[in-house]
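Enquirer: Sharing a structure below in structure tokens format, with a few things to ask.
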Amino acid sequence: MSTKKNSSKPNIVKTFHIKTFGCQMNENDSEKISGMLKALGYQEETDVNKAGLVILNTCSIRENADERVLGNIGAFKTVKKTNPDLILAVCGCMMQQPEIVNQIVTKYPQVDLIFGTHNLHQVPELLNNYQVNGNRLIEVWEDSDTIVEDLPVDRKYPFKGFVTIMNGCNNFCTYCIVPYTRGREVSRQPDKIFDEVNKLVDDGCIEITLLGQNVNSYGNDLGDAVNFAKLLRELNTIDKLKRIRFMTSHPKDLTDDVIDAIAECDKVCNYIHLPIQSGSTRILKAMNRKYTQENILDRVNKIREKIPGVAITTDIIVGFPGETEADFLETLKVIKRCQFDSAFTFLYSIRTGTPAATMADQIPDEVKHDRINRSLKVLHQISHDINQTYQDQIVEVLVEETSRNNAKRMTGRTRTGKLVNFPGNESDIGTEIMVKITEAKTFSLDGEKIGQEGIHGATHTDDDAISANS
Ligand code: 5AD
Ligand code: SF4
């Protein structure tokens with residue numbers, strides 16, 4: 001769709017800046033958009049105020065995400081006055097909601113291009129069309145049952161990369177907007193995933209993170225020959241690849257087979273992000289999560305029994321409609337029983353169009369805030385206690401970047417996902433280094449470099465096992 005705006009041929013400045021909101025899926029989409037733009041001869045501009053093309057890749061998961069994006073779009077009204085050649089494009093999950101697109105069309109004339117999550121591969125075509133007369137263009141596909149392959153990807157890091165293995169979600173948790181913004185589950189063909197990972201490894205990448213809203217149901221739409229456990233086992237055979245991560249797991253689909261594959265594959269990190277959302281079976285039912293408190297405890301016990309030194313993190317929503325104090329206490333009980341290494345904790349946020357938005361008994365803000373504070377207190381104590389077990393241990397760290405506050409310190413992650421800071425230099429970036437932990441804090445570990453990786457190769461190290469378990 002094209003809407004009339006100014007009908008004059010725009011003056012194109014071929015520099016771009018992408019601002020990404022939300023999850024890793026959006027980050028990976030932004031890497032693809034960046035790849036396509038670079039293939040068109042655009043250059044990245046780090047200063048948003050100087051770029052010829054600004055793309056806001058939006059997130060809709062909670063209300064404050066929407067508000068942040070609208071605030072950002074609003075700010076471009078003045079930017080456009082001083083830089084009339086600026087092209088402002090908005091894409092991502094918010095654009096899959098027609099009422100939001102309408103709001104932008106009527107209230108934000110500074111937006112030139114709108115596209116959605118299913119048609120980001122059309123960026124070159126849309127820019128091309130826009131260049132003809134400068135008319136605003138809106139092109140949002142409602143859904144898609146195919147995955148566009150072979151888009152160029154401009155990766156943020158040369159040594160680690162995201163690999164999307166499936167799009168969409170079929171679960172319709174009653175609070176969640178994602179099934180409406182990302183459509184139904186579509187799995188990529190395993191050979192395409194393989195090709196992408198092999199290419200990444202050839203380019204020097206040693207860690208991959210497999211992405212999907214519910215990776216455990218990977219392949220359900222591809223027949224019996226493929227599933228997530230098989231995919232992990234296959235990827236584990238790739239030479240030179242050292243770390244395999246994945247997110248997100250849904251407890252209802254985390255089969256023994258997947259747990260065994262994680263335990264047996266030496267390259268698969270001993271780390272699982274397992275969002276439980278609530279510990280109350282009654283609330284889990286209202287959330288349409290399709291598991292109970294007993295199921296959570298059973299899965300966590302199984303994971304700990306099979307995977308030495310594993311770290312488990314989670315997501316918790318407090319204040320879901322109808323959540324009583326007793327329900328909340330069940331969540332606290334489960335958090336304590338599961339001993340999560342850390343958790344993302346969210347206040348329930350009404351998402352228009354989802355079943356929970358119209359449920360009776362919405363919880364007052366002050367109750368939500370009280371519950372989030374109480375859960376954080378319990379979670380922080382557990383994180384602190386688990387991190388203390390790393391004191392004086394030797395861990396293998398994949399060094400990621402220079403510390404933000406100190407150019408002489410490097411930061412990286414253990415196989416269990418712990419953030420480690422240590423004195424080092426830029427040449428450490430992208431390598432695995434053995435670090436002795438000298439100070440364990442609640443949210444990170446400080447350490448000293450004791451040598452290059454090699455003692456245990458890329459296996460689950462004994463050190464990891466001791467550090468997270470003892
Ligand atoms: N309100 C609060 N948190 C939400 N999440 C998803 N939808 C909502 C909502 N409406 C959280 C869930 C999910 C994470 C990505 O975001 O915990 O796992
Ligand atoms: Fe949302 Fe539930 Fe799908 Fe996760 S599994 S994306 S929470 S609907």
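How things are named: the first chain in the structure tokens is A, the next is B, and so on; residues count from 1 in each chain; ligands count from 1 in the order shown.
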Kindly assemble as CSV a list of the chain A residues that lie within 6 Å of ligand 1, each paired with its nearest atom pair and their distance in Å to one decimal, using only C-alpha atoms and all ligand atoms, sorted first by chain and then by ascending residue number.

Expert:
```
residue,atom,partner,partner_atom_place_in_ligand_line,distance
A:Ile61,CA,ligand 1,7 (N),5.2
A:Arg62,CA,ligand 1,9 (C),5.3
A:Tyr175,CA,ligand 1,10 (N),4.6
A:Cys176,CA,ligand 1,7 (N),4.2
A:Pro275,CA,ligand 1,18 (O),5.5
A:Gln277,CA,ligand 1,17 (O),5.5
A:Asp315,CA,ligand 1,17 (O),4.6
A:Ile316,CA,ligand 1,17 (O),5.2
A:Ile317,CA,ligand 1,17 (O),5.4
A:Phe346,CA,ligand 1,3 (N),5.0
A:Leu347,CA,ligand 1,2 (C),5.3
A:Tyr348,CA,ligand 1,1 (N),3.8
A:Ser349,CA,ligand 1,1 (N),3.8
A:Ile350,CA,ligand 1,10 (N),5.4
A:Arg351,CA,ligand 1,10 (N),5.5
```

Enquirer: Enumerate, in order of chain and increasing residue number, the residues of chain A with an atom no farther than 8 Å from ligand 2, each with its shortest atom pair and distance in Å to one decimal, counting only C-alpha atoms and all ligand atoms, as a tab-separated table.

Expert:
```
residue	atom	partner	partner_atom_place_in_ligand_line	distance
A:Gly168	CA	ligand 2	6 (S)	7.6
A:Cys169	CA	ligand 2	3 (Fe)	4.7
A:Asn170	CA	ligand 2	3 (Fe)	6.4
A:Asn171	CA	ligand 2	8 (S)	4.8
A:Phe172	CA	ligand 2	8 (S)	4.2
A:Cys173	CA	ligand 2	8 (S)	4.2
A:Thr174	CA	ligand 2	8 (S)	7.2
A:Tyr175	CA	ligand 2	7 (S)	7.5
A:Cys176	CA	ligand 2	1 (Fe)	4.5
A:Ile177	CA	ligand 2	1 (Fe)	6.4
A:Val178	CA	ligand 2	6 (S)	5.0
A:Pro179	CA	ligand 2	8 (S)	5.6
A:Gln213	CA	ligand 2	6 (S)	5.0
A:Asn214	CA	ligand 2	5 (S)	5.9
A:Thr248	CA	ligand 2	4 (Fe)	7.8
A:His250	CA	ligand 2	5 (S)	6.4
A:Arg289	CA	ligand 2	2 (Fe)	7.0
```

Enquirer: Keeping C-alpha atoms for every residue in the selection just given, could you write it to a file as a PDB file, in the first residue's frame?

Expert:
```
ATOM      1  CA  GLY A 168       6.347 -18.262  15.020  1.00  0.00           C
ATOM      2  CA  CYS A 169       4.527 -19.920  17.888  1.00  0.00           C
ATOM      3  CA  ASN A 170       1.500 -22.215  18.131  1.00  0.00           C
ATOM      4  CA  ASN A 171       1.024 -22.065  21.872  1.00  0.00           C
ATOM      5  CA  PHE A 172      -1.252 -19.110  22.446  1.00  0.00           C
ATOM      6  CA  CYS A 173      -0.376 -18.541  26.080  1.00  0.00           C
ATOM      7  CA  THR A 174      -3.262 -16.317  27.111  1.00  0.00           C
ATOM      8  CA  TYR A 175      -1.098 -13.307  28.067  1.00  0.00           C
ATOM      9  CA  CYS A 176       1.143 -13.338  24.991  1.00  0.00           C
ATOM     10  CA  ILE A 177       1.025 -11.273  21.804  1.00  0.00           C
ATOM     11  CA  VAL A 178       3.730 -13.276  19.980  1.00  0.00           C
ATOM     12  CA  PRO A 179       1.443 -15.779  18.171  1.00  0.00           C
ATOM     13  CA  GLN A 213       9.985 -19.080  20.325  1.00  0.00           C
ATOM     14  CA  ASN A 214       9.770 -22.730  21.346  1.00  0.00           C
ATOM     15  CA  THR A 248      13.695 -20.573  24.234  1.00  0.00           C
ATOM     16  CA  HIS A 250       8.973 -24.525  26.699  1.00  0.00           C
ATOM     17  CA  ARG A 289       0.818 -23.236  29.576  1.00  0.00           C
TER      18      ARG A 289
END
```

Enquirer: So, with only C-alpha atoms as the atoms that count, which of A:Lys199, A:Lys50, A:Lys77, A:Lys418 lies closest to A:Ile238?

Expert: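 For A:Ile238, the nearest of the candidates is A:Lys199.
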
Enquirer: What is the atom CA of A:Cys59-atom CA of A:Arg182 distance in Å, reported with one decimal?

Expert: 11.0 Å

Enquirer: Quick one: residues within 10 Å of A:Lys19, only C-alpha atoms counted, chain neighbours fewer than 6 positions away excluded, as a list in words?

Expert: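 With the cut-off at 10 Å, the set is Glu27, Ser30, Val48, Val54, Ile55, Leu56, Asn57, Thr58, Val69, Asn72 and Val90 of chain A.
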
Enquirer: Work out how far apart atom CA of A:Glu294 and atom CA of A:Thr324 are and give it in Å to one decimal.

Expert: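 For atom CA of A:Glu294 relative to atom CA of A:Thr324, the distance reads 19.2 Å.
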